[in-house]
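Student: Have a look at this one before I ask anything.
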Amino acid sequence: MKEPITPREPKKVDPEEGAGWRLIGAPSTGKGKRDHRIIKSLFLMDGELAGQNKKLQAKYDAWKKLADFETYEVKDAELVVVAFGSIGRIAKNAVRSLRAKGKKVGLFRPKTLYPFPEKALEKLAKEGKRFLTIEHNLGQMVEDVRLSVRKHADSDLFCVYPGNMPSPDDFEAPILRALGRK
Amino acid sequence: MSRITVSEERCKGCLLCTQVCPVTIIRQSERINQNGYKVAEVPAEDMAKCTGCASCATICPDVAIEVWRGKKPKPGSKAA
Amino acid sequence: MPKTQGAASAPKTNQTGEELVFTRPASMVDRATHYCPGCHHGIAHRLVGELIDELGLKENTVAVCSIGCSVFLYNYIDVDSVEAPHGRAPAVATGVKRARPDKFVFTYQGDGDLASIGMAEIMHAANRGERMSVVFVNNTVYGMTGGQMAPTTLIGQKTTTCPGGRCKDREGSPIRMSEIIAHLGGTAFCARGSLDSVKNIRQAKKYMRQAFEVQTKGLGFGFVELLAGCPTNWRLSPLAANKRITDEMIPYFPLGVFKEVEGDGTCGSMLAPESAPGAEGGK
Ligand SMILES: Cc1ncc(C[n+]2csc(CCOP(=O)(O)OP(=O)(O)O)c2C)c(N)n1
Ligand code: SF4
Ligand code: SF4
Ligand code: SF4
Ligand SMILES: [Mg+2]
C-alpha cells in the first residue's frame with residue numbers, strides 16, 4: 001500500500017557541510033594543513049567498536065518518534081484488527097463491511113514497521129481492546145504486536161499464505177471468530 | 001663507501017633481503033625483537049663490502065632498511 | 001625525479017657527507033604494518049607511496065581501499081582514504097572521481113576482491129574508461145579470511161576450500177585479469193608485474209607509474225596487476241613463497257604490458273589542484 005506523498009521545501013544546502021569530513025586531499029603544509037582523513041566502517045581498536053555501536057543506538061532511539069500508523073473505527077471497537085501494507089487495505093474493507101453490519105471492530109494499520117508504533121498500540125490495549133493480527137506470511141509482525149500489548153492483552157493471528165491474494169470477504173469469518181472469542 | 005641500517009623494531013625476519021644482496025653480507029642475527037622476530041643484520045666487519053645497490057631495501061616488505069652512500073664511492077664500486 | 005628513492009624532498013646528507021639513497025617515502029606513515037613476515041602487500045604499499053611522492057600527488061589524492069588484508073592501506077598511506085565494501089572499490093572510486101575530477105583516485109584491491117565478488121565492478125569501470133588507477137595485488141588466495149580458493153588460484157594449488165588442489169573441470173581455470181582488462185575499450189594502460197625479485201619490483205614500479213599517469217593525463221583507465229606472495233596461506237616460508245611466484249605463477253601469468261594507449265589527453269586532462277573547484281575551506 002502506498003502512502004500519499006507530502007511535498008515539502010527541500011532543506012537549504014550548506015556549502016560548508018562536510019568541511020570536517022570531506023575527502024579532497026590532505027594538505028601537509030600551509031594554512032589548510034591537516035591529518036589525512038579516513039572514511040571507514042572497520043573499528044578494531046579497543047573500545048572503538050563499542051563507541052560506534054553506542055552512536056548507532058542513539059540514532060535508533062532518536063528515530064522511534066518517526067513511528068507512524070493509521071486507525072480506523074477503533075474508538076468503540078471491542079476487537080482491533082492489526083494489518084499492514086496491501087493486507088491492511090483489504091482488512092480495512094473487511095472492517096468497513098462488518099461495521100455496516102453493526103459489529104464493533106476497528107483497524108490499526110502501522111505505516112512504519114521499524115520503528116514500530118508500540119506506544120499507540122499499547123494505549124489501545126490499556127483501554128481493554130482485544131487484537132487480531134492478519135498477515136500475508138506465516139506470522140512476523142504479530143511478534144511486535146504481542147510485545148507491544150503484552151502487559152494488557154494478547155493477539156490472535158490469521159495468516160494468508162504468500163502466493164494467495166485474499167479478498168475482504170476472506171477476512172470476515174476470522175474477524176468474527178476472534179470477536180466472538182471472549 | 002656505502003652502508004645500510006636495519007630497523008630492528010620493524011624487521012620481521014623474513015630473510016628476503018639476505019637472498020638479494022650481491023655481496024651476501026646480510027644474515028639473520030640471534031637478536032629477537034619485541035614482536036618475537038629474529039632480525040636481520042650486517043656484521044660490522046662486512047659492512048665495508050656494501051655496494052649501496054639498495055636491492056635489500058627494495059625487496060624488504062617492511063621498509064626496515066635504509067641505504068646510505070658515501071660521498072666518494074671507491075673506484076670500481078658498483079655504487080658509483 | 002628525486003635521487004633519493006621514495007623521498008619527495010631533496011636527498012638527505014649527513015655530516016660525514018653520506019647520502020641517504022633509500023628510505024621510507026614521505027607519504028608513508030612511520031608505523032609497523034600488521035602484515036605477516038614476507039607479505040608482499042608491504043612492498044606494494046611502499047611502491048604506491050614512492051609514486052605518490054615522485055608524482056607530487058600526496059595532497060591531491062583520494063585512495064579507495066578494498067576488503068582484504070590490505071584494507072588497512074589507509075593506516076599506512078598518508079592520504080585521504082575511503083573504505084569500500086567488498087569488491088565495490090571501482091564503484092566507489094567512480095563516484096569519487098566523478099564528484100572530484102581534479103583528484104587523483106586509485107583503488108588497491110586483492111584478487112578475491114577484484115576478480116571474485118567485484119568482477120562486475122572492475123569490468124564496467126574499465127569499460128567505461130573511468131579516469132582512475134587500479135593496483136591489483138594477485139596472491140592467488142583470499143588472504144584475510146584464511147586462504148580460501150580465489151578465481152586466480154592455480155591448477156593443483158591446495159587451499160582450505162580446494163584441499164585436494166584446484167581442478168580445472170570442477171573449478172575452472174585461473175582467471176588472467178590483465179588479459180581481460182586489456183581488451184576493454186576504456187582501458188588506457190594495462191600491465192602485469194611481479195614482486196618476487198628486485199628486478200621485477202623495479203619493473204613493476206614502472207608499470208604502476210604508467211597506470212597512474214594515464215589518469216593524470218586524462219587518457220583513461222589505468223590497471224596494474226602485481227603477482228604477490230602470501231606465505232602464511234601458502235604454508236611456505238617467505239623465501240619459498242618468492243620461489244613459487246618465479247617458478248609457478250609467472251609461467252601462467254606472464255609479465256608485461258598488455259595495453260598502452262597513446263594520446264594527448266584530449267578527452268580532458270586533470271585540473272591543476274589550485275584551479276580545482278571546492279578546494280579545502282569551501283568555495
Ligand atoms: C560482502 C563480503 N563478503 C565476504 C567477506 C569476507 N572476506 C573478507 S576479505 C575476503 C577475501 C579477500 O581476498 P583478497 O581480495 O584476495 O585479499 P587478500 O587478503 O588476499 O590480500 C573475503 C571473502 C566480506 N568482508 N564482505
Ligand atoms: S645495499 Fe646492496 S650490497 Fe648493501 S647490503 Fe643491501 S643488498 Fe647488500
Ligand atoms: S627483508 Fe626486511 S623484514 Fe625481511 S629480514 Fe630483511 S630487513 Fe627484516
Ligand atoms: S595472510 Fe597473506 S596476504 Fe594477508 S598479511 Fe598474511 S601473508 Fe599477507
Ligand atoms: Mg588475495
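Each chain in the C-alpha cells gets a letter, A, B, ..., in the order shown, and its residues are numbered from 1; ligands are numbered from 1 in order too.
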Quick one: residues within 8 Å of C:Met177, only C-alpha atoms counted, chain neighbours fewer than 4 positions away excluded, as a VMD selection string?

Tutor: chain C and resid 115 181 225

Student: Give me, as a PyMOL selection string, the contact residues of chain A against chain C at a cut-off of 6 Å, counting only C-alpha atoms.

Tutor: chain A and resi 16+23+25-27+36-40

Student: Quick one, how far is atom CA of A:Gly139 from atom CA of A:Phe69?

Tutor: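 Separation of atom CA of A:Gly139 and atom CA of A:Phe69: 19.3 Å.
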
Student: Using only C-alpha atoms and all ligand atoms, what are the residues with an atom within 10 Å of ligand 1, set out as a VMD selection string?

Tutor: chain C and resid 35 39 to 41 66 to 71 85 to 88 108 to 118 136 to 153 228 to 230 233

Student: Put those residues in a file: C-alpha atoms, as a short mmCIF file (atom, residue, chain, number, x, y, z; two decimals), in the first residue's frame.

Tutor:
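Okay, this is what ended up in result04.cif:
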data_model
loop_
_atom_site.label_atom_id
_atom_site.label_comp_id
_atom_site.auth_asym_id
_atom_site.auth_seq_id
_atom_site.Cartn_x
_atom_site.Cartn_y
_atom_site.Cartn_z
CA TYR C 35 51.18 -7.89 7.63
CA CYS C 39 53.93 -10.46 2.79
CA HIS C 40 54.18 -8.54 -0.46
CA HIS C 41 51.45 -6.06 0.44
CA SER C 66 39.10 -2.62 -0.52
CA ILE C 67 38.28 -5.56 1.71
CA GLY C 68 41.14 -7.99 2.22
CA CYS C 69 44.34 -7.97 4.24
CA SER C 70 45.16 -4.62 2.66
CA VAL C 71 42.01 -2.80 3.78
CA PRO C 85 32.52 -2.61 0.59
CA HIS C 86 33.99 -5.91 -0.65
CA GLY C 87 34.53 -5.76 -4.42
CA ARG C 88 33.00 -2.31 -4.81
CA TYR C 108 44.03 -1.02 -4.19
CA GLN C 109 42.41 -4.44 -4.45
CA GLY C 110 43.19 -8.10 -3.85
CA ASP C 111 42.32 -10.93 -6.21
CA GLY C 112 39.41 -12.11 -4.09
CA ASP C 113 38.05 -8.58 -4.01
CA LEU C 114 38.64 -7.69 -7.65
CA ALA C 115 38.28 -10.96 -9.56
CA SER C 116 35.62 -12.68 -7.45
CA ILE C 117 32.95 -10.63 -5.67
CA GLY C 118 33.98 -7.45 -7.52
CA PHE C 136 45.58 -5.22 -8.25
CA VAL C 137 47.50 -7.47 -5.87
CA ASN C 138 47.15 -11.08 -7.01
CA ASN C 139 48.28 -13.57 -4.36
CA THR C 140 46.04 -16.42 -5.62
CA VAL C 141 44.06 -16.70 -2.36
CA TYR C 142 41.66 -14.94 -0.05
CA GLY C 143 44.41 -13.95 2.37
CA MET C 144 42.42 -12.17 5.04
CA THR C 145 39.90 -14.93 5.66
CA GLY C 146 42.36 -17.79 5.87
CA GLY C 147 43.43 -18.75 2.38
CA GLN C 148 40.31 -19.88 0.54
CA MET C 149 40.42 -20.51 -3.22
CA ALA C 150 40.25 -17.39 -5.38
CA PRO C 151 39.46 -17.13 -9.11
CA THR C 152 43.23 -16.80 -9.55
CA THR C 153 44.21 -19.94 -7.60
CA ALA C 228 52.43 -11.27 -4.88
CA GLY C 229 53.18 -13.77 -2.17
CA CYS C 230 51.03 -14.80 0.78
CA ASN C 233 48.25 -19.09 3.49
#

Student: May I have all residues of stretch 6-70 of chain B that DSSP, computed from the backbone, assigns to alpha helix (DSSP H), given as a list of chain:residue names?

Tutor: B:Leu16, B:Cys17, B:Thr18, B:Gln19, B:Val20, B:Ser55, B:Cys56, B:Ala57, B:Thr58, B:Ile59

Student: When you get a sec, could you note down which chain B residues fall within 7 Å of chain C, using only C-alpha atoms, as number ranges by chain?

Tutor: B: 10, 12-14, 16, 54-55, 58-63, 66-71

Student: Could you check the closest approach to ligand 5 for each of C:Trp234, C:Phe189, C:Phe212, C:Tyr207 and tell me which residue wins, using only C-alpha atoms and all ligand atoms?

Tutor: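 Closest to ligand 5 of all the choices is C:Trp234.
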
Student: Taking the chain letters and numbering used in this document, name the residues of stretch 20-56 of chain B that DSSP puts in strand (DSSP E), as a ChimeraX atom specification.

Tutor: /B:27-32,38-41

Student: Please return as a PDB file with N, CA, C and O atoms, in the first residue's frame the residues found within 12 Å of ligand 2, counting only C-alpha atoms and all ligand atoms.

Tutor:
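Dumped everything to selection_1.pdb:
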ATOM      1  N   MET B   1      82.079   4.624  -0.041  1.00  0.00           N
ATOM      2  CA  MET B   1      81.685   3.531   0.849  1.00  0.00           C
ATOM      3  C   MET B   1      80.208   3.649   1.210  1.00  0.00           C
ATOM      4  O   MET B   1      79.724   4.729   1.476  1.00  0.00           O
ATOM      5  N   SER B   2      79.530   2.536   1.168  1.00  0.00           N
ATOM      6  CA  SER B   2      78.098   2.548   1.472  1.00  0.00           C
ATOM      7  C   SER B   2      77.813   1.689   2.689  1.00  0.00           C
ATOM      8  O   SER B   2      78.643   0.890   3.110  1.00  0.00           O
ATOM      9  N   ARG B   3      76.622   1.862   3.216  1.00  0.00           N
ATOM     10  CA  ARG B   3      76.211   1.027   4.354  1.00  0.00           C
ATOM     11  C   ARG B   3      74.688   1.008   4.444  1.00  0.00           C
ATOM     12  O   ARG B   3      74.011   1.852   3.831  1.00  0.00           O
ATOM     13  N   ILE B   4      74.175   0.047   5.193  1.00  0.00           N
ATOM     14  CA  ILE B   4      72.732   0.023   5.433  1.00  0.00           C
ATOM     15  C   ILE B   4      72.469   0.054   6.930  1.00  0.00           C
ATOM     16  O   ILE B   4      73.341  -0.274   7.729  1.00  0.00           O
ATOM     17  N   THR B   5      71.253   0.475   7.273  1.00  0.00           N
ATOM     18  CA  THR B   5      70.816   0.323   8.663  1.00  0.00           C
ATOM     19  C   THR B   5      69.548  -0.515   8.631  1.00  0.00           C
ATOM     20  O   THR B   5      68.716  -0.364   7.725  1.00  0.00           O
ATOM     21  N   VAL B   6      69.420  -1.416   9.585  1.00  0.00           N
ATOM     22  CA  VAL B   6      68.211  -2.236   9.684  1.00  0.00           C
ATOM     23  C   VAL B   6      67.462  -1.797  10.940  1.00  0.00           C
ATOM     24  O   VAL B   6      68.032  -1.782  12.021  1.00  0.00           O
ATOM     25  N   LEU B  15      63.826 -12.632   5.909  1.00  0.00           N
ATOM     26  CA  LEU B  15      65.078 -13.043   5.246  1.00  0.00           C
ATOM     27  C   LEU B  15      65.114 -12.793   3.739  1.00  0.00           C
ATOM     28  O   LEU B  15      66.034 -13.242   3.055  1.00  0.00           O
ATOM     29  N   LEU B  16      64.104 -12.099   3.203  1.00  0.00           N
ATOM     30  CA  LEU B  16      64.133 -11.823   1.762  1.00  0.00           C
ATOM     31  C   LEU B  16      65.382 -11.014   1.397  1.00  0.00           C
ATOM     32  O   LEU B  16      65.999 -11.232   0.356  1.00  0.00           O
ATOM     33  N   CYS B  17      65.776 -10.102   2.278  1.00  0.00           N
ATOM     34  CA  CYS B  17      66.936  -9.259   1.986  1.00  0.00           C
ATOM     35  C   CYS B  17      68.221 -10.073   1.873  1.00  0.00           C
ATOM     36  O   CYS B  17      69.115  -9.750   1.089  1.00  0.00           O
ATOM     37  N   THR B  18      68.292 -11.160   2.644  1.00  0.00           N
ATOM     38  CA  THR B  18      69.541 -11.929   2.669  1.00  0.00           C
ATOM     39  C   THR B  18      69.822 -12.586   1.324  1.00  0.00           C
ATOM     40  O   THR B  18      70.975 -12.864   0.996  1.00  0.00           O
ATOM     41  N   GLN B  19      68.760 -12.823   0.544  1.00  0.00           N
ATOM     42  CA  GLN B  19      68.914 -13.548  -0.716  1.00  0.00           C
ATOM     43  C   GLN B  19      69.276 -12.642  -1.891  1.00  0.00           C
ATOM     44  O   GLN B  19      69.683 -13.132  -2.935  1.00  0.00           O
ATOM     45  N   VAL B  20      69.070 -11.343  -1.739  1.00  0.00           N
ATOM     46  CA  VAL B  20      69.248 -10.471  -2.902  1.00  0.00           C
ATOM     47  C   VAL B  20      70.539  -9.651  -2.842  1.00  0.00           C
ATOM     48  O   VAL B  20      70.881  -8.962  -3.805  1.00  0.00           O
ATOM     49  N   CYS B  21      71.249  -9.742  -1.751  1.00  0.00           N
ATOM     50  CA  CYS B  21      72.469  -8.944  -1.614  1.00  0.00           C
ATOM     51  C   CYS B  21      73.559  -9.506  -2.513  1.00  0.00           C
ATOM     52  O   CYS B  21      73.923 -10.679  -2.400  1.00  0.00           O
ATOM     53  N   PRO B  22      74.093  -8.689  -3.428  1.00  0.00           N
ATOM     54  CA  PRO B  22      75.087  -9.213  -4.374  1.00  0.00           C
ATOM     55  C   PRO B  22      76.383  -9.641  -3.681  1.00  0.00           C
ATOM     56  O   PRO B  22      77.130 -10.459  -4.235  1.00  0.00           O
ATOM     57  N   VAL B  23      76.635  -9.099  -2.466  1.00  0.00           N
ATOM     58  CA  VAL B  23      77.869  -9.484  -1.772  1.00  0.00           C
ATOM     59  C   VAL B  23      77.561 -10.335  -0.528  1.00  0.00           C
ATOM     60  O   VAL B  23      78.444 -10.570   0.306  1.00  0.00           O
ATOM     61  N   THR B  24      76.310 -10.788  -0.444  1.00  0.00           N
ATOM     62  CA  THR B  24      75.819 -11.675   0.637  1.00  0.00           C
ATOM     63  C   THR B  24      76.374 -11.352   2.028  1.00  0.00           C
ATOM     64  O   THR B  24      76.946 -12.209   2.697  1.00  0.00           O
ATOM     65  N   ILE B  25      76.134 -10.099   2.410  1.00  0.00           N
ATOM     66  CA  ILE B  25      76.633  -9.724   3.740  1.00  0.00           C
ATOM     67  C   ILE B  25      75.512  -9.657   4.783  1.00  0.00           C
ATOM     68  O   ILE B  25      75.776  -9.474   5.968  1.00  0.00           O
ATOM     69  N   ILE B  26      74.251  -9.830   4.349  1.00  0.00           N
ATOM     70  CA  ILE B  26      73.149  -9.756   5.316  1.00  0.00           C
ATOM     71  C   ILE B  26      72.832 -11.165   5.822  1.00  0.00           C
ATOM     72  O   ILE B  26      72.787 -12.120   5.054  1.00  0.00           O
ATOM     73  N   ARG B  27      72.640 -11.277   7.133  1.00  0.00           N
ATOM     74  CA  ARG B  27      72.319 -12.588   7.706  1.00  0.00           C
ATOM     75  C   ARG B  27      71.329 -12.388   8.855  1.00  0.00           C
ATOM     76  O   ARG B  27      71.068 -11.254   9.283  1.00  0.00           O
ATOM     77  N   ALA B  40      67.363  -9.157  10.960  1.00  0.00           N
ATOM     78  CA  ALA B  40      68.483  -9.257  10.019  1.00  0.00           C
ATOM     79  C   ALA B  40      69.593  -8.293  10.433  1.00  0.00           C
ATOM     80  O   ALA B  40      69.332  -7.273  11.073  1.00  0.00           O
ATOM     81  N   GLU B  41      70.807  -8.607  10.056  1.00  0.00           N
ATOM     82  CA  GLU B  41      71.937  -7.709  10.367  1.00  0.00           C
ATOM     83  C   GLU B  41      73.045  -7.872   9.337  1.00  0.00           C
ATOM     84  O   GLU B  41      73.105  -8.874   8.615  1.00  0.00           O
ATOM     85  N   VAL B  42      73.909  -6.847   9.272  1.00  0.00           N
ATOM     86  CA  VAL B  42      75.162  -6.972   8.528  1.00  0.00           C
ATOM     87  C   VAL B  42      76.270  -6.938   9.578  1.00  0.00           C
ATOM     88  O   VAL B  42      76.368  -5.958  10.322  1.00  0.00           O
ATOM     89  N   PRO B  43      77.080  -7.990   9.695  1.00  0.00           N
ATOM     90  CA  PRO B  43      78.150  -7.965  10.682  1.00  0.00           C
ATOM     91  C   PRO B  43      79.074  -6.778  10.395  1.00  0.00           C
ATOM     92  O   PRO B  43      79.364  -6.477   9.231  1.00  0.00           O
ATOM     93  N   ALA B  44      79.516  -6.093  11.475  1.00  0.00           N
ATOM     94  CA  ALA B  44      80.301  -4.868  11.328  1.00  0.00           C
ATOM     95  C   ALA B  44      81.498  -5.056  10.392  1.00  0.00           C
ATOM     96  O   ALA B  44      81.785  -4.196   9.555  1.00  0.00           O
ATOM     97  N   ASP B  46      81.722  -6.804   7.856  1.00  0.00           N
ATOM     98  CA  ASP B  46      81.361  -6.966   6.440  1.00  0.00           C
ATOM     99  C   ASP B  46      80.805  -5.694   5.818  1.00  0.00           C
ATOM    100  O   ASP B  46      80.648  -5.611   4.593  1.00  0.00           O
ATOM    101  N   MET B  47      80.457  -4.711   6.640  1.00  0.00           N
ATOM    102  CA  MET B  47      79.723  -3.554   6.132  1.00  0.00           C
ATOM    103  C   MET B  47      80.472  -2.844   5.007  1.00  0.00           C
ATOM    104  O   MET B  47      79.848  -2.310   4.079  1.00  0.00           O
ATOM    105  N   ALA B  48      81.800  -2.865   5.073  1.00  0.00           N
ATOM    106  CA  ALA B  48      82.590  -2.170   4.056  1.00  0.00           C
ATOM    107  C   ALA B  48      82.361  -2.738   2.662  1.00  0.00           C
ATOM    108  O   ALA B  48      82.605  -2.072   1.659  1.00  0.00           O
ATOM    109  N   LYS B  49      81.864  -3.980   2.608  1.00  0.00           N
ATOM    110  CA  LYS B  49      81.637  -4.597   1.285  1.00  0.00           C
ATOM    111  C   LYS B  49      80.359  -4.082   0.626  1.00  0.00           C
ATOM    112  O   LYS B  49      80.123  -4.332  -0.562  1.00  0.00           O
ATOM    113  N   CYS B  50      79.515  -3.407   1.395  1.00  0.00           N
ATOM    114  CA  CYS B  50      78.211  -2.965   0.862  1.00  0.00           C
ATOM    115  C   CYS B  50      78.423  -2.057  -0.347  1.00  0.00           C
ATOM    116  O   CYS B  50      79.209  -1.115  -0.318  1.00  0.00           O
ATOM    117  N   THR B  51      77.701  -2.354  -1.427  1.00  0.00           N
ATOM    118  CA  THR B  51      77.832  -1.579  -2.654  1.00  0.00           C
ATOM    119  C   THR B  51      76.829  -0.433  -2.724  1.00  0.00           C
ATOM    120  O   THR B  51      76.851   0.362  -3.660  1.00  0.00           O
ATOM    121  N   GLY B  52      75.881  -0.425  -1.792  1.00  0.00           N
ATOM    122  CA  GLY B  52      74.854   0.621  -1.831  1.00  0.00           C
ATOM    123  C   GLY B  52      73.842   0.406  -2.942  1.00  0.00           C
ATOM    124  O   GLY B  52      73.173   1.344  -3.379  1.00  0.00           O
ATOM    125  N   CYS B  53      73.691  -0.842  -3.375  1.00  0.00           N
ATOM    126  CA  CYS B  53      72.816  -1.122  -4.522  1.00  0.00           C
ATOM    127  C   CYS B  53      71.333  -0.999  -4.171  1.00  0.00           C
ATOM    128  O   CYS B  53      70.491  -0.895  -5.046  1.00  0.00           O
ATOM    129  N   ALA B  54      71.009  -1.058  -2.881  1.00  0.00           N
ATOM    130  CA  ALA B  54      69.622  -0.920  -2.384  1.00  0.00           C
ATOM    131  C   ALA B  54      68.716  -2.082  -2.759  1.00  0.00           C
ATOM    132  O   ALA B  54      67.495  -1.994  -2.623  1.00  0.00           O
ATOM    133  N   SER B  55      69.292  -3.193  -3.205  1.00  0.00           N
ATOM    134  CA  SER B  55      68.460  -4.367  -3.501  1.00  0.00           C
ATOM    135  C   SER B  55      67.729  -4.845  -2.252  1.00  0.00           C
ATOM    136  O   SER B  55      66.542  -5.172  -2.292  1.00  0.00           O
ATOM    137  N   CYS B  56      68.441  -4.872  -1.128  1.00  0.00           N
ATOM    138  CA  CYS B  56      67.841  -5.341   0.121  1.00  0.00           C
ATOM    139  C   CYS B  56      66.649  -4.470   0.496  1.00  0.00           C
ATOM    140  O   CYS B  56      65.581  -4.969   0.864  1.00  0.00           O
ATOM    141  N   ALA B  57      66.828  -3.165   0.392  1.00  0.00           N
ATOM    142  CA  ALA B  57      65.765  -2.237   0.774  1.00  0.00           C
ATOM    143  C   ALA B  57      64.582  -2.337  -0.181  1.00  0.00           C
ATOM    144  O   ALA B  57      63.428  -2.175   0.216  1.00  0.00           O
ATOM    145  N   THR B  58      64.891  -2.626  -1.459  1.00  0.00           N
ATOM    146  CA  THR B  58      63.834  -2.720  -2.461  1.00  0.00           C
ATOM    147  C   THR B  58      62.929  -3.908  -2.189  1.00  0.00           C
ATOM    148  O   THR B  58      61.719  -3.837  -2.396  1.00  0.00           O
ATOM    149  N   ILE B  59      63.485  -5.003  -1.720  1.00  0.00           N
ATOM    150  CA  ILE B  59      62.654  -6.204  -1.519  1.00  0.00           C
ATOM    151  C   ILE B  59      62.088  -6.273  -0.108  1.00  0.00           C
ATOM    152  O   ILE B  59      61.174  -7.061   0.147  1.00  0.00           O
ATOM    153  N   CYS B  60      62.578  -5.453   0.795  1.00  0.00           N
ATOM    154  CA  CYS B  60      62.101  -5.532   2.185  1.00  0.00           C
ATOM    155  C   CYS B  60      60.631  -5.097   2.258  1.00  0.00           C
ATOM    156  O   CYS B  60      60.300  -3.965   1.935  1.00  0.00           O
ATOM    157  N   ALA B  64      62.262  -1.678   6.453  1.00  0.00           N
ATOM    158  CA  ALA B  64      63.118  -1.716   7.645  1.00  0.00           C
ATOM    159  C   ALA B  64      64.549  -1.294   7.326  1.00  0.00           C
ATOM    160  O   ALA B  64      65.350  -1.095   8.225  1.00  0.00           O
ATOM    161  N   ILE B  65      64.873  -1.187   6.036  1.00  0.00           N
ATOM    162  CA  ILE B  65      66.266  -0.923   5.652  1.00  0.00           C
ATOM    163  C   ILE B  65      66.418   0.472   5.047  1.00  0.00           C
ATOM    164  O   ILE B  65      65.627   0.880   4.193  1.00  0.00           O
ATOM    165  N   GLU B  66      67.409   1.197   5.524  1.00  0.00           N
ATOM    166  CA  GLU B  66      67.809   2.466   4.894  1.00  0.00           C
ATOM    167  C   GLU B  66      69.193   2.254   4.296  1.00  0.00           C
ATOM    168  O   GLU B  66      70.017   1.526   4.858  1.00  0.00           O
ATOM    169  N   VAL B  67      69.431   2.899   3.166  1.00  0.00           N
ATOM    170  CA  VAL B  67      70.730   2.746   2.496  1.00  0.00           C
ATOM    171  C   VAL B  67      71.418   4.107   2.399  1.00  0.00           C
ATOM    172  O   VAL B  67      70.799   5.096   1.966  1.00  0.00           O
ATOM    173  N   TRP B  68      72.661   4.142   2.840  1.00  0.00           N
ATOM    174  CA  TRP B  68      73.480   5.358   2.751  1.00  0.00           C
ATOM    175  C   TRP B  68      74.628   5.110   1.783  1.00  0.00           C
ATOM    176  O   TRP B  68      75.238   4.045   1.794  1.00  0.00           O
ATOM    177  N   ARG B  69      74.899   6.118   0.958  1.00  0.00           N
ATOM    178  CA  ARG B  69      76.060   6.024   0.076  1.00  0.00           C
ATOM    179  C   ARG B  69      77.073   7.095   0.461  1.00  0.00           C
ATOM    180  O   ARG B  69      76.691   8.252   0.661  1.00  0.00           O
ATOM    181  N   GLY B  70      78.347   6.657   0.530  1.00  0.00           N
ATOM    182  CA  GLY B  70      79.410   7.610   0.866  1.00  0.00           C
ATOM    183  C   GLY B  70      79.599   8.606  -0.270  1.00  0.00           C
ATOM    184  O   GLY B  70      79.170   8.377  -1.411  1.00  0.00           O
ATOM    185  N   SER B  77      83.607   0.568  -7.618  1.00  0.00           N
ATOM    186  CA  SER B  77      82.436   0.095  -6.877  1.00  0.00           C
ATOM    187  C   SER B  77      81.179   0.242  -7.734  1.00  0.00           C
ATOM    188  O   SER B  77      81.038   1.179  -8.520  1.00  0.00           O
ATOM    189  N   LYS B  78      80.247  -0.683  -7.548  1.00  0.00           N
ATOM    190  CA  LYS B  78      79.001  -0.674  -8.306  1.00  0.00           C
ATOM    191  C   LYS B  78      78.161   0.557  -7.978  1.00  0.00           C
ATOM    192  O   LYS B  78      77.293   0.943  -8.740  1.00  0.00           O
ATOM    193  N   ALA B  79      78.398   1.114  -6.813  1.00  0.00           N
ATOM    194  CA  ALA B  79      77.552   2.219  -6.368  1.00  0.00           C
ATOM    195  C   ALA B  79      77.870   3.526  -7.074  1.00  0.00           C
ATOM    196  O   ALA B  79      77.151   4.493  -6.938  1.00  0.00           O
TER     197      ALA B  79
ATOM    198  N   LEU C  20      71.573   9.672   1.955  1.00  0.00           N
ATOM    199  CA  LEU C  20      70.536   8.665   2.206  1.00  0.00           C
ATOM    200  C   LEU C  20      69.864   8.344   0.874  1.00  0.00           C
ATOM    201  O   LEU C  20      69.126   9.157   0.335  1.00  0.00           O
ATOM    202  N   VAL C  21      70.147   7.180   0.309  1.00  0.00           N
ATOM    203  CA  VAL C  21      69.617   6.896  -1.023  1.00  0.00           C
ATOM    204  C   VAL C  21      68.378   6.016  -0.991  1.00  0.00           C
ATOM    205  O   VAL C  21      67.715   5.827  -2.011  1.00  0.00           O
ATOM    206  N   PHE C  22      68.071   5.474   0.152  1.00  0.00           N
ATOM    207  CA  PHE C  22      66.819   4.704   0.229  1.00  0.00           C
ATOM    208  C   PHE C  22      66.228   4.846   1.618  1.00  0.00           C
ATOM    209  O   PHE C  22      66.856   4.523   2.617  1.00  0.00           O
ATOM    210  N   THR C  23      64.990   5.335   1.678  1.00  0.00           N
ATOM    211  CA  THR C  23      64.307   5.469   2.959  1.00  0.00           C
ATOM    212  C   THR C  23      62.809   5.408   2.723  1.00  0.00           C
ATOM    213  O   THR C  23      62.347   5.315   1.583  1.00  0.00           O
ATOM    214  N   VAL C 198      64.111  -8.276  -7.089  1.00  0.00           N
ATOM    215  CA  VAL C 198      64.452  -6.855  -7.152  1.00  0.00           C
ATOM    216  C   VAL C 198      64.181  -6.317  -8.553  1.00  0.00           C
ATOM    217  O   VAL C 198      63.581  -5.257  -8.736  1.00  0.00           O
TER     218      VAL C 198
END

Student: Separation of atom CA of A:Glu172 and atom CA of A:Lys111, in Å?

Tutor: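 Taking atom CA of A:Glu172 and atom CA of A:Lys111, their separation equals 22.6 Å.
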
Student: If we count only C-alpha atoms and set the cut-off at 9 Å, which residues sit around A:Phe108, ignoring sequence neighbours fewer than 6 positions away in its own chain? Please answer as a list in words.

Tutor: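 Near neighbours after the sequence-gap exclusion: Phe69, Glu70, Thr71, Tyr72, Glu73, Val74, Val80, Val81, Val82, Ala83, Phe84, Gly88 and Leu121 of chain A.
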
Student: What separation in Å, quoted to one decimal, exists between atom CA of C:Tyr76 and atom CA of C:Val29?

Tutor: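 According to the coordinates, atom CA of C:Tyr76 and atom CA of C:Val29 are separated by 4.9 Å.
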
Student: With distances taken over only C-alpha atoms and all ligand atoms, which residue among C:Thr161, C:Ser133, C:Cys190, C:Leu226 lies nearest ligand 5?

Tutor: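 So, comparing all the options, the nearest one is C:Leu226.
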